[in-house]
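Novice: What follows is the file structure-v8.txt, containing compact mmCIF, C-alpha atoms:
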```txt
# COMPACT_ATOMS: atom_id res chain seq x y z
CA MET A 25 174.39 -8.05 -57.66
CA LYS A 26 174.92 -4.39 -56.74
CA LYS A 27 178.40 -2.85 -56.55
CA LEU A 28 178.83 -1.04 -53.22
CA VAL A 29 180.84 2.17 -52.97
CA THR A 30 183.71 3.04 -50.65
CA ALA A 31 184.17 6.51 -49.11
CA PRO A 32 187.90 7.34 -49.24
CA HIS A 33 187.16 11.09 -48.80
CA GLY A 34 184.44 10.70 -46.13
CA LEU A 35 180.75 11.68 -46.10
CA HIS A 36 179.54 15.29 -45.99
CA GLY A 37 176.26 17.19 -46.22
CA SER A 38 172.74 17.12 -44.82
CA LEU A 39 169.78 14.81 -45.41
CA THR A 40 166.11 14.61 -44.57
CA VAL A 41 165.56 10.90 -44.08
CA PRO A 42 162.24 9.23 -45.01
CA GLY A 43 159.22 9.49 -42.73
CA ASP A 44 159.11 7.21 -39.72
CA LYS A 45 157.91 3.76 -40.77
CA SER A 46 156.15 2.90 -37.50
CA ILE A 47 154.30 6.23 -37.45
CA SER A 48 153.39 6.06 -41.17
CA HIS A 49 151.77 2.63 -40.64
CA ARG A 50 149.81 3.82 -37.64
CA ALA A 51 148.69 7.07 -39.30
CA VAL A 52 147.11 5.09 -42.15
CA MET A 53 145.43 2.70 -39.71
CA LEU A 54 144.04 5.42 -37.46
CA GLY A 55 142.92 7.56 -40.38
CA SER A 56 141.12 4.52 -41.80
CA ILE A 57 139.20 3.71 -38.59
CA SER A 58 138.38 7.37 -37.76
CA LYS A 59 135.60 9.60 -39.02
CA GLY A 60 136.57 12.47 -41.27
CA LYS A 61 139.63 13.41 -43.28
CA THR A 62 143.16 12.53 -42.15
CA VAL A 63 146.10 14.21 -43.90
CA ILE A 64 149.51 12.55 -43.48
CA HIS A 65 152.61 14.59 -44.36
CA HIS A 66 156.08 13.04 -44.97
CA PHE A 67 154.54 9.55 -45.31
CA LEU A 68 157.04 6.76 -45.95
CA ALA A 69 156.06 5.38 -49.37
CA GLY A 70 158.03 2.14 -48.86
CA ASP A 71 156.66 -1.29 -49.69
CA ASP A 72 155.62 -2.09 -46.09
CA CYS A 73 153.56 1.07 -45.55
CA LEU A 74 151.99 0.72 -49.00
CA SER A 75 150.87 -2.78 -47.91
CA THR A 76 148.99 -1.14 -45.04
CA LEU A 77 147.40 1.44 -47.35
CA ALA A 78 146.36 -1.27 -49.86
CA ALA A 79 144.82 -3.42 -47.10
CA PHE A 80 142.49 -0.62 -45.98
CA ASN A 81 141.66 0.29 -49.58
CA ALA A 82 140.56 -3.34 -49.99
CA MET A 83 138.25 -2.87 -46.98
CA GLY A 84 136.50 0.10 -48.56
CA VAL A 85 138.58 3.02 -47.27
CA LYS A 86 139.14 5.72 -49.89
CA SER A 87 142.51 7.48 -50.01
CA GLU A 88 144.70 9.63 -52.26
CA ARG A 89 148.49 9.70 -52.38
CA ASP A 90 150.70 12.36 -53.92
CA GLY A 91 154.33 11.50 -53.19
CA GLU A 92 154.81 11.88 -49.43
CA THR A 93 151.29 13.24 -48.75
CA VAL A 94 148.41 10.84 -48.12
CA ILE A 95 144.78 11.85 -47.59
CA ILE A 96 142.45 9.28 -46.04
CA TYR A 97 138.67 9.67 -46.05
CA GLY A 98 137.61 7.68 -43.00
CA ASN A 99 134.06 6.68 -42.10
CA GLY A 100 134.86 5.04 -38.75
CA ILE A 101 135.83 1.51 -37.79
CA ASP A 102 132.28 0.20 -38.24
CA ALA A 103 132.43 1.17 -41.94
CA LEU A 104 135.23 -1.31 -42.70
CA LYS A 105 133.97 -3.91 -45.17
CA GLU A 106 134.87 -7.55 -45.55
CA PRO A 107 137.53 -7.67 -48.31
CA ALA A 108 136.60 -9.57 -51.48
CA GLN A 109 139.98 -11.36 -51.48
CA PRO A 110 142.54 -12.38 -48.83
CA LEU A 111 144.69 -9.40 -47.85
CA ASP A 112 148.32 -9.43 -49.02
CA MET A 113 150.65 -8.24 -46.23
CA GLY A 114 153.74 -8.34 -48.47
CA ASN A 115 156.79 -8.38 -46.16
CA SER A 116 155.21 -6.28 -43.42
CA GLY A 117 155.07 -7.75 -39.92
CA THR A 118 153.73 -4.44 -38.57
CA THR A 119 150.77 -4.44 -40.97
CA THR A 120 149.98 -8.06 -40.13
CA ARG A 121 150.20 -7.90 -36.37
CA LEU A 122 148.42 -4.56 -35.87
CA LEU A 123 145.66 -5.51 -38.32
CA MET A 124 145.00 -8.65 -36.28
CA GLY A 125 144.03 -6.40 -33.37
CA ILE A 126 141.81 -4.16 -35.51
CA LEU A 127 140.09 -7.01 -37.36
CA ALA A 128 139.56 -9.18 -34.27
CA GLY A 129 136.63 -6.98 -33.24
CA ARG A 130 134.96 -6.58 -36.62
CA ASP A 131 131.82 -8.47 -37.65
CA PHE A 132 133.39 -10.25 -40.62
CA GLU A 133 136.06 -12.82 -41.43
CA THR A 134 139.43 -11.85 -42.95
CA ARG A 135 142.28 -13.92 -44.32
CA LEU A 136 145.86 -12.58 -44.28
CA PHE A 137 148.87 -13.89 -46.20
CA GLY A 138 152.36 -12.60 -46.97
CA ASP A 139 155.53 -13.22 -48.92
CA ALA A 140 157.81 -16.21 -48.27
CA SER A 141 159.79 -14.36 -45.59
CA LEU A 142 156.74 -13.04 -43.71
CA GLN A 143 155.05 -16.46 -43.78
CA LYS A 144 157.92 -17.84 -41.65
CA ARG A 145 157.56 -15.22 -38.92
CA PRO A 146 155.80 -16.10 -35.62
CA MET A 147 152.23 -14.83 -35.28
CA LYS A 148 151.07 -16.84 -32.27
CA ARG A 149 152.77 -14.17 -30.14
CA VAL A 150 149.88 -11.91 -31.27
CA SER A 151 146.97 -14.35 -31.65
CA GLU A 152 147.44 -15.87 -28.18
CA PRO A 153 147.39 -12.52 -26.27
CA LEU A 154 144.43 -11.36 -28.39
CA SER A 155 142.51 -14.48 -27.35
CA HIS A 156 142.41 -13.00 -23.81
CA LEU A 157 140.05 -10.36 -25.22
CA GLY A 158 137.94 -13.05 -26.90
CA ALA A 159 139.59 -12.90 -30.35
CA ARG A 160 139.50 -15.98 -32.56
CA ILE A 161 142.42 -16.26 -35.00
CA ASP A 162 143.47 -19.39 -36.89
CA LEU A 163 147.12 -19.84 -37.92
CA THR A 164 149.06 -22.71 -39.48
CA ASP A 165 150.27 -25.56 -37.26
CA ASN A 166 153.58 -23.69 -37.04
CA GLY A 167 151.87 -20.54 -35.74
CA THR A 168 152.49 -18.59 -38.94
CA LEU A 169 150.56 -17.01 -41.83
CA PRO A 170 148.22 -17.45 -43.56
CA ALA A 171 145.83 -16.39 -40.82
CA THR A 172 142.06 -16.35 -40.66
CA ILE A 173 140.59 -13.75 -38.29
CA HIS A 174 137.03 -14.54 -37.22
CA GLY A 175 135.85 -11.08 -36.17
CA GLN A 176 133.52 -11.03 -33.15
CA LYS A 177 132.57 -9.07 -30.02
CA LEU A 178 135.50 -8.56 -27.64
CA HIS A 179 135.67 -8.12 -23.86
CA GLY A 180 138.03 -6.15 -21.65
CA THR A 181 141.01 -7.88 -20.04
CA HIS A 182 143.91 -7.49 -17.62
CA TYR A 183 146.89 -8.90 -19.51
CA GLN A 184 150.57 -9.24 -18.59
CA MET A 185 152.66 -9.38 -21.78
CA GLN A 186 155.14 -12.24 -22.24
CA VAL A 187 157.33 -10.52 -24.86
CA ALA A 188 158.62 -6.93 -25.10
CA SER A 189 157.04 -6.03 -28.44
CA ALA A 190 155.43 -2.76 -29.55
CA GLN A 191 153.62 -4.67 -32.31
CA VAL A 192 151.95 -7.07 -29.87
CA LYS A 193 151.12 -4.20 -27.49
CA SER A 194 149.59 -2.17 -30.34
CA ALA A 195 147.48 -5.12 -31.51
CA LEU A 196 146.14 -5.51 -27.96
CA ILE A 197 145.36 -1.78 -27.72
CA PHE A 198 143.48 -1.82 -31.05
CA ALA A 199 141.43 -4.80 -29.90
CA ALA A 200 140.83 -3.26 -26.45
CA LEU A 201 139.40 -0.10 -28.09
CA GLN A 202 136.58 -2.31 -29.42
CA ALA A 203 135.93 -4.24 -26.17
CA ASP A 204 132.88 -3.90 -23.92
CA THR A 205 134.85 -2.77 -20.82
CA PRO A 206 138.25 -1.09 -20.18
CA SER A 207 141.46 -3.15 -20.37
CA THR A 208 144.84 -3.02 -18.64
CA ILE A 209 147.97 -4.13 -20.50
CA ILE A 210 151.24 -4.55 -18.61
CA GLU A 211 154.50 -4.64 -20.60
CA LYS A 212 157.62 -6.63 -19.70
CA LEU A 213 159.72 -3.59 -20.64
CA PRO A 214 158.60 -0.20 -22.03
CA THR A 215 158.47 -0.31 -25.85
CA ARG A 216 157.87 2.38 -28.48
CA ASN A 217 154.66 4.24 -27.70
CA HIS A 218 153.66 5.69 -31.08
CA THR A 219 150.27 3.92 -30.97
CA GLU A 220 149.38 5.47 -27.60
CA ILE A 221 150.53 8.99 -28.60
CA MET A 222 148.65 8.95 -31.90
CA LEU A 223 145.47 7.36 -30.56
CA ASN A 224 145.20 10.12 -27.97
CA GLN A 225 145.68 12.69 -30.77
CA PHE A 226 142.73 11.06 -32.61
CA GLY A 227 140.52 11.26 -29.51
CA ALA A 228 141.03 7.94 -27.70
CA SER A 229 141.66 7.54 -23.97
CA ILE A 230 144.94 5.67 -23.47
CA GLU A 231 146.60 6.19 -20.08
CA THR A 232 150.19 5.13 -19.35
CA ALA A 233 151.17 4.78 -15.68
CA THR A 234 154.29 6.40 -14.26
CA ASP A 235 156.10 3.04 -14.49
CA GLN A 236 155.81 3.43 -18.31
CA LYS A 237 154.72 -0.23 -18.49
CA THR A 238 151.06 -0.25 -17.39
CA ILE A 239 148.57 0.94 -20.02
CA ARG A 240 144.83 1.43 -19.48
CA VAL A 241 142.61 1.45 -22.55
CA VAL A 242 139.05 2.80 -22.39
CA PRO A 243 136.90 1.54 -25.31
CA LYS A 244 136.32 4.28 -27.85
CA PRO A 245 134.23 3.43 -30.90
CA GLU A 246 134.54 6.85 -32.53
CA LEU A 247 137.84 8.57 -33.41
CA THR A 248 138.24 11.80 -35.41
CA GLY A 249 140.53 12.34 -38.42
CA GLN A 250 143.65 14.49 -37.85
CA ILE A 251 146.65 16.09 -39.56
CA VAL A 252 149.73 13.95 -38.90
CA GLU A 253 153.27 15.27 -39.43
CA VAL A 254 155.50 12.19 -39.69
CA PRO A 255 159.04 12.92 -38.41
CA GLY A 256 162.11 11.40 -40.05
CA ASP A 257 162.62 7.75 -39.15
CA ILE A 258 165.35 7.33 -36.51
CA SER A 259 165.83 3.75 -37.77
CA SER A 260 166.67 5.13 -41.24
CA ALA A 261 168.77 7.98 -39.81
CA ALA A 262 170.69 5.38 -37.80
CA PHE A 263 172.44 4.09 -40.94
CA PHE A 264 173.90 7.52 -41.63
CA LEU A 265 174.65 8.16 -37.95
CA THR A 266 176.68 4.95 -38.02
CA ALA A 267 178.36 5.91 -41.30
CA GLY A 268 179.29 9.35 -39.97
CA ALA A 269 180.85 7.82 -36.86
CA ILE A 270 182.90 5.04 -38.55
CA VAL A 271 184.00 6.56 -41.88
CA ALA A 272 187.10 8.79 -41.70
CA ASN A 273 186.79 12.54 -42.54
CA SER A 274 182.98 12.60 -42.23
CA ARG A 275 180.45 15.14 -40.93
CA ILE A 276 176.71 14.61 -41.55
CA ARG A 277 173.59 16.53 -40.47
CA LEU A 278 170.25 14.69 -40.36
CA GLU A 279 167.19 16.95 -40.23
CA ARG A 280 163.80 16.64 -38.48
CA VAL A 281 164.46 13.18 -37.04
CA ASN A 282 162.08 11.51 -34.54
CA LEU A 283 163.49 11.82 -31.01
CA ASN A 284 160.84 9.81 -29.15
CA PRO A 285 162.74 8.47 -26.08
CA THR A 286 161.41 4.94 -26.73
CA ARG A 287 163.25 4.98 -30.08
CA THR A 288 166.52 6.79 -29.42
CA GLY A 289 168.48 3.77 -28.22
CA ILE A 290 170.93 4.20 -31.11
CA ILE A 291 171.71 7.75 -29.92
CA THR A 292 172.28 6.46 -26.38
CA VAL A 293 174.59 3.75 -27.77
CA LEU A 294 176.57 6.28 -29.83
CA GLN A 295 176.92 8.60 -26.80
CA LYS A 296 178.10 5.71 -24.59
CA MET A 297 180.63 4.74 -27.26
CA GLY A 298 182.02 8.29 -27.27
CA ALA A 299 180.68 9.45 -30.65
CA ASP A 300 181.04 13.08 -31.74
CA LEU A 301 177.28 13.81 -31.85
CA GLN A 302 175.11 16.93 -31.30
CA ILE A 303 171.31 17.21 -31.08
CA GLU A 304 169.20 20.31 -31.75
CA ALA A 305 165.61 19.82 -30.52
CA LEU A 306 162.85 21.47 -32.61
CA PRO A 307 159.38 22.70 -31.50
CA THR A 308 156.54 20.27 -32.27
CA ASP A 309 152.93 19.47 -31.30
CA GLY A 310 153.29 15.71 -31.83
CA GLU A 311 156.23 13.35 -31.56
CA PRO A 312 159.50 14.99 -30.40
CA LEU A 313 161.95 15.70 -33.24
CA GLY A 314 165.20 17.51 -33.97
CA ASN A 315 168.37 17.80 -36.05
CA ILE A 316 171.35 15.52 -35.37
CA THR A 317 174.95 16.16 -36.42
CA ILE A 318 177.51 13.33 -36.36
CA ALA A 319 181.23 13.36 -37.16
CA THR A 320 184.01 10.76 -37.39
CA SER A 321 184.58 9.32 -33.92
CA GLN A 322 187.02 7.21 -31.92
CA LEU A 323 184.60 4.61 -30.56
CA LYS A 324 184.81 2.70 -27.29
CA PRO A 325 183.36 -0.84 -26.89
CA ILE A 326 179.87 -1.28 -25.44
CA GLN A 327 177.94 -3.93 -23.50
CA ILE A 328 174.24 -4.18 -24.47
CA GLU A 329 171.91 -6.00 -22.04
CA ALA A 330 168.26 -7.15 -22.21
CA ALA A 331 166.93 -3.88 -20.69
CA ASP A 332 168.60 -1.89 -23.52
CA ILE A 333 167.07 -3.97 -26.33
CA PRO A 334 163.52 -2.52 -26.86
CA ALA A 335 164.81 1.02 -27.59
CA VAL A 336 167.36 -0.26 -30.12
CA ILE A 337 165.79 -3.47 -31.50
CA ASP A 338 165.75 -2.37 -35.17
CA GLU A 339 169.23 -0.83 -34.96
CA LEU A 340 171.05 -3.81 -33.42
CA PRO A 341 172.75 -4.77 -36.72
CA LEU A 342 174.24 -1.25 -36.69
CA VAL A 343 175.24 -1.54 -33.03
CA ALA A 344 177.16 -4.67 -34.08
CA LEU A 345 178.80 -2.73 -36.92
CA LEU A 346 179.76 0.13 -34.57
CA ALA A 347 181.21 -2.46 -32.18
CA ALA A 348 183.22 -3.94 -35.06
CA CYS A 349 184.89 -0.51 -35.46
CA ALA A 350 185.49 0.14 -31.73
CA ALA A 351 188.78 -0.52 -29.94
CA GLY A 352 188.07 -3.58 -27.76
CA THR A 353 185.46 -6.25 -27.02
CA SER A 354 181.73 -5.48 -27.16
CA SER A 355 178.77 -7.73 -26.39
CA ILE A 356 175.06 -7.81 -27.23
CA ARG A 357 172.94 -9.98 -24.89
CA GLY A 358 169.19 -10.48 -24.38
CA ALA A 359 168.44 -10.00 -28.08
CA GLU A 360 166.81 -13.35 -28.94
CA GLU A 361 163.97 -11.32 -30.52
CA LEU A 362 166.40 -10.72 -33.42
CA ARG A 363 166.05 -14.36 -34.45
CA VAL A 364 162.43 -13.81 -35.54
CA LYS A 365 162.82 -10.66 -37.64
CA GLU A 366 162.80 -10.61 -41.47
CA THR A 367 165.79 -12.93 -41.13
CA ASP A 368 167.51 -14.46 -38.12
CA ARG A 369 169.42 -11.21 -37.61
CA ILE A 370 171.88 -12.69 -35.13
CA GLN A 371 172.93 -15.29 -37.67
CA THR A 372 172.98 -12.95 -40.68
CA VAL A 373 174.86 -10.13 -38.91
CA VAL A 374 177.51 -12.59 -37.70
CA ALA A 375 177.86 -14.05 -41.20
CA GLU A 376 178.25 -10.62 -42.85
CA LEU A 377 180.72 -9.25 -40.28
CA ARG A 378 182.87 -12.36 -40.65
CA LYS A 379 183.09 -11.72 -44.40
CA LEU A 380 184.62 -8.34 -43.50
CA GLY A 381 187.27 -10.04 -41.37
CA VAL A 382 185.66 -9.11 -38.04
CA GLN A 383 186.01 -11.65 -35.23
CA VAL A 384 182.49 -12.40 -33.93
CA GLU A 385 181.18 -15.09 -31.60
CA GLU A 386 177.52 -16.02 -32.07
CA LEU A 387 175.45 -16.46 -28.90
CA ALA A 388 171.90 -17.78 -28.53
CA ASP A 389 170.74 -14.27 -27.56
CA GLY A 390 173.33 -12.05 -29.23
CA MET A 391 177.02 -11.88 -30.05
CA ILE A 392 180.50 -10.95 -28.80
CA ILE A 393 182.47 -8.71 -31.18
CA GLU A 394 186.20 -7.97 -31.25
CA GLY A 395 186.46 -4.46 -32.69
CA ARG A 396 189.29 -3.28 -34.90
CA ASN A 397 189.99 -0.16 -36.94
CA GLU A 398 191.18 -1.90 -40.10
CA TRP A 399 189.44 -4.90 -41.65
CA ALA A 400 190.92 -7.66 -43.80
CA ILE A 401 188.12 -8.59 -46.22
CA ASN A 402 187.89 -12.33 -46.82
CA ASN A 403 184.71 -12.39 -48.94
CA ASP A 404 183.69 -9.48 -51.20
CA GLN A 405 180.20 -10.91 -51.88
CA LEU A 406 177.83 -9.56 -49.23
CA ASP A 407 174.15 -10.57 -49.00
CA SER A 408 171.03 -8.90 -47.60
CA TYR A 409 169.29 -12.31 -47.39
CA GLY A 410 166.18 -10.37 -48.47
CA ASP A 411 166.30 -8.30 -45.24
CA HIS A 412 166.26 -4.51 -45.78
CA ARG A 413 168.20 -3.68 -42.61
CA ILE A 414 170.96 -6.21 -43.31
CA GLY A 415 171.29 -4.85 -46.87
CA MET A 416 171.72 -1.27 -45.60
CA MET A 417 174.12 -2.37 -42.85
CA ASP A 418 176.25 -4.04 -45.54
CA ALA A 419 176.23 -0.88 -47.67
CA ILE A 420 177.40 1.23 -44.68
CA ALA A 421 180.09 -1.32 -43.80
CA ALA A 422 181.33 -1.26 -47.40
CA LEU A 423 182.06 2.49 -47.12
CA LYS A 424 184.90 1.63 -44.76
CA ALA A 425 186.25 -1.33 -46.75
CA PRO A 426 189.69 -1.11 -48.42
CA GLN A 427 188.21 -2.51 -51.67
CA SER A 428 184.86 -2.48 -53.47
CA LEU A 429 182.30 -5.08 -52.39
CA ARG A 430 179.12 -6.43 -53.96
CA LEU A 431 175.65 -6.92 -52.46
CA ALA A 432 173.21 -9.67 -53.43
CA HIS A 433 169.46 -8.98 -53.08
CA ALA A 434 169.99 -5.22 -52.78
CA ASP A 435 166.36 -4.59 -53.83
CA ALA A 436 165.23 -5.60 -50.30
CA VAL A 437 166.23 -2.09 -49.15
CA SER A 438 163.10 -0.61 -50.79
CA VAL A 439 160.94 -2.16 -48.05
CA SER A 440 161.75 0.75 -45.72
CA TYR A 441 164.03 3.14 -47.62
CA PRO A 442 163.43 3.25 -51.40
CA LYS A 443 165.93 6.11 -51.97
CA PHE A 444 168.66 4.84 -49.64
CA PHE A 445 171.35 4.46 -52.29
CA GLN A 446 170.54 7.89 -53.83
CA ASP A 447 170.79 9.55 -50.40
CA LEU A 448 174.08 7.79 -49.72
CA GLN A 449 175.41 9.08 -53.06
CA LYS A 450 174.48 12.66 -52.05
CA LEU A 451 176.66 12.40 -48.96
CA LEU A 452 179.54 10.98 -50.98
CA GLY A 453 179.26 14.08 -53.13
CA GLY A 454 178.95 16.33 -50.06
CA GLY A 455 175.66 17.76 -51.32
CA GLN A 456 172.36 18.84 -49.83
CA ALA A 457 169.43 16.45 -49.95
```
What would you get if you wrote out this structure as structure tokens?
Specialist:
Amino acid sequence: MKKLVTAPHGLHGSLTVPGDKSISHRAVMLGSISKGKTVIHHFLAGDDCLSTLAAFNAMGVKSERDGETVIIYGNGIDALKEPAQPLDMGNSGTTTRLLMGILAGRDFETRLFGDASLQKRPMKRVSEPLSHLGARIDLTDNGTLPATIHGQKLHGTHYQMQVASAQVKSALIFAALQADTPSTIIEKLPTRNHTEIMLNQFGASIETATDQKTIRVVPKPELTGQIVEVPGDISSAAFFLTAGAIVANSRIRLERVNLNPTRTGIITVLQKMGADLQIEALPTDGEPLGNITIATSQLKPIQIEAADIPAVIDELPLVALLAACAAGTSSIRGAEELRVKETDRIQTVVAELRKLGVQVEELADGMIIEGRNEWAINNDQLDSYGDHRIGMMDAIAALKAPQSLRLAHADAVSVSYPKFFQDLQKLLGGGQA
């Protein structure tokens, strides 16, 4: 049980948040299936991304890691070897789902398993779309891990996606790269496009139509290793953006943060809510990035609808927390995807906000939140439920509490942000990171 700190004097200083988790995963994957050396700078060395690195090591890919720098010595996708043991995905849904697409076209069989939380998460949403390219993947009767991927030759397809998911889209793209003819993938709503951006950097031919939803993939058996500069993770920065907005007497600067428009939903939300926020764009050859400054803000309520969800899916617990601090009634709708994350995030967010004395109504696809400036804590024992984002949301909420709170299962935070509590302490001291 970890004691959480309050911030009676506000938060001050600047931070460089960890490397983007989504981009770190994909850099390891692309380096591993390309020919030549790939150097990844500002890699996120969290548990999830290390699961990806370990999986490719187990398939014969050599790599070196020195802190936030990873070097991968790729020999191409055809050099991947059948692992001697089933591959452990840990808690990483990204590793699992994207690997399904890569391994579906290999000439060997692979078995994937994960921790107790991951083994409850739905995987049929990936295996079923992949079957349209000829993939053969066995899951449990419940459509969960463990999975057996029977690698075989794949064919091109024209597929209309049923869920708005960057993970499912990326798995389809990885499989389509190995098919015998080009494929077209049509999204329900545009989702984060890191896979497309990075694949083109490595030499693939991925075309996105002007509607931002139709993607054409030309098979490309040979990719070339690259240097990848991973920007700061907007999903990690979002915790401090939220803290800066809701905690009195605060001013925080977050440096070199990813500003990919498919990921900046939290910035759009903060702007709509009237937050005191400035962005300084920086020059870059890859993903857009910049510095963000946030200060204590008088927040207005917000209404989030289904079309808003893909750009803010990982930050929705924080949107709920921002709404809990706004003057008036906010709503989040069209977010049923939250029920199949590391936890049922609708249920867990509602439970945690109620402990803080916030009035919240749970909906099948979201929640309605009555915001208020002062909370009356009715339970000082918060819980991450083993979900890293819920644990960090709780720690940010506790900054504003009139008394100290405690957090059960605080170690879950290391999945995506191993130094979260140290970085938070720096801002409490007003120091530089």
Novice: So the first atom is CA of Gly310 (chain A) and the second is CA of Phe67 (chain A); what is the distance between them in Å, to one decimal place?
Specialist: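 These two atoms are separated by 14.9 Å.
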Novice: Calculate how many Å separate CA of Gly100 (chain A) from CA of Lys61 (chain A), rounding to one decimal.
Specialist: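 Separating CA of Gly100 (chain A) from CA of Lys61 (chain A) is a distance of 10.6 Å.
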Novice: Give me, please, the distance in Å between CA of Ile333 (chain A) and CA of Gly289 (chain A), quoted to one decimal.
Specialist: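 So the two atoms, CA of Ile333 (chain A) and CA of Gly289 (chain A), lie 8.1 Å apart.
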Novice: For each of A:Leu423, A:Ala103, A:Ile161, A:Ala319, take the minimum atom-to-atom distance to Met147 (chain A), counting only C-alpha atoms, then give the residue where this is smallest.
Specialist: A:Ile161
Novice: Would you mind telling me which residue in A:Thr119, A:Ser46, A:Thr372, A:Thr30 lies nearest to Ala419 (chain A) when using all atoms listed in the file?
Specialist: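 Using all atoms listed in the file, the shortest distance to Ala419 (chain A) belongs to A:Thr30.
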Novice: Please check which residues have atoms at most 12 Å from (182.3, -11.0, -36.2) in the file's coordinates, counting all atoms listed in the file, and write them as a ChimeraX atom specification.
Specialist: /A:341,344-349,353-356,370-387,390-396,399-401
Novice: Could you give me, as a list of chain:residue names, the residues within 8 Å of Ile303 (chain A), counting only C-alpha atoms and dropping anything in the same chain fewer than 5 positions from it?
Specialist: A:Gly314, A:Asn315, A:Ile316, A:Thr317
Novice: List as a list in words the protein and nucleic acid residues near Val242 (chain A), meaning an atom at most 8 Å away when only C-alpha atoms are counted, but skip any in the same chain fewer than 4 places from it.
Specialist: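 Near Val242 (chain A), the qualifying residues are Ala200, Leu201, Thr205, Pro206, Ser207, Ala228, Ser229 and Ile230 of chain A.
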Novice: Taking (141.6, -11.4, -20.4) as a centre in this file's frame and 10 Å as the limit, can you find every polymer residue with an atom that close, using all atoms listed in the file, and give them as a ChimeraX atom specification?
Specialist: /A:153-158,178-184,207-209
Novice: From the list A:Ala140, A:Val343, A:Ala128, A:Ile291, which residue is nearest Ala421 (chain A) when using only C-alpha atoms?
Specialist: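 The shortest atom-to-atom distance to Ala421 (chain A) comes from A:Val343.
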Novice: Can you tell me which residues surround Lys27 (chain A) at a distance of at most 10 Å, considering only C-alpha atoms, apart from same-chain residues fewer than 4 positions away, and format the answer as a list in words?
Specialist: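 My reading of the contact set: Gln405, Leu406, Ala419, Ala422, Ser428, Leu429, Arg430, Leu431, Ala432 and Ala434 of chain A.
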Novice: Using all atoms listed in the file, which residues sit within 9 Å of Arg121 (chain A) once same-chain residues fewer than 4 positions away are excluded, as a PyMOL selection string?
Specialist: chain A and resi 116-117+125+147+150-151+191-192+194-195
Novice: Just checking: using all atoms listed in the file, which residue out of A:Ile258, A:Asp71, A:Pro32, A:Asp139 ends up closest to Val437 (chain A)?
Specialist: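 Using all atoms listed in the file, the shortest distance to Val437 (chain A) belongs to A:Asp71.
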Novice: Counting all atoms listed in the file, which residue out of A:Asp300, A:Asp368, A:Glu253, A:Asp235 sits closest to Gln322 (chain A)?
Specialist: A:Asp300
Novice: Return the single residue from A:Ile210, A:Ala51, A:Ala436, A:Leu136 that is closest to Ala233 (chain A), with distances computed using all atoms listed in the file.
Specialist: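 Using all atoms listed in the file, the shortest distance to Ala233 (chain A) belongs to A:Ile210.
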Novice: Residues of region 267-373 of chain A that have any atom at most 10 Å from an atom of region 39-44 of chain A: could you tabulate them with the shortest-distance atom pair and the distance in Å to one decimal, using all atoms listed in the file, ordered by chain and increasing number, as a tab-separated table?
Specialist:
```
residue	atom	partner	partner_atom	distance
A:Ile276	CA	A:Leu39	CA	7.9
A:Arg277	CA	A:Leu39	CA	6.5
A:Leu278	CA	A:Leu39	CA	5.1
A:Glu279	CA	A:Thr40	CA	5.0
A:Arg280	CA	A:Thr40	CA	6.8
A:Val281	CA	A:Val41	CA	7.5
A:Asn282	CA	A:Asp44	CA	7.4
A:Asn315	CA	A:Thr40	CA	9.4
```
Novice: Give me the residues within 12 Å of Val364 (chain A) as a ChimeraX atom specification, counting only C-alpha atoms and dropping any in the same chain fewer than 5 places off.
Specialist: /A:117,141-147,149,168,189,337-338,359,369-372,389,411
Novice: Using the incomplete input, complete region 212-220 of chain A to the level of N, CA and C atoms; output as a short mmCIF file (atom, residue, chain, number, x, y, z; two decimals), in the frame of the given file.
Specialist:
```cif
data_model
loop_
_atom_site.label_atom_id
_atom_site.label_comp_id
_atom_site.auth_asym_id
_atom_site.auth_seq_id
_atom_site.Cartn_x
_atom_site.Cartn_y
_atom_site.Cartn_z
N LYS A 212 156.41 -6.12 -20.36
CA LYS A 212 157.62 -6.63 -19.70
C LYS A 212 158.63 -5.51 -19.53
N LEU A 213 158.84 -4.76 -20.62
CA LEU A 213 159.72 -3.59 -20.64
C LEU A 213 159.02 -2.53 -21.47
N PRO A 214 159.24 -1.23 -21.20
CA PRO A 214 158.60 -0.20 -22.03
C PRO A 214 159.08 -0.31 -23.48
N THR A 215 158.14 -0.28 -24.42
CA THR A 215 158.47 -0.31 -25.85
C THR A 215 157.96 0.96 -26.50
N ARG A 216 158.27 1.15 -27.78
CA ARG A 216 157.87 2.38 -28.48
C ARG A 216 156.38 2.63 -28.32
N ASN A 217 156.04 3.89 -28.09
CA ASN A 217 154.66 4.24 -27.70
C ASN A 217 153.95 5.08 -28.76
N HIS A 218 154.30 4.90 -30.02
CA HIS A 218 153.66 5.69 -31.08
C HIS A 218 152.14 5.46 -31.14
N THR A 219 151.71 4.22 -30.91
CA THR A 219 150.27 3.92 -30.97
C THR A 219 149.52 4.73 -29.92
N GLU A 220 150.05 4.75 -28.69
CA GLU A 220 149.38 5.47 -27.60
C GLU A 220 149.34 6.98 -27.88
#
```
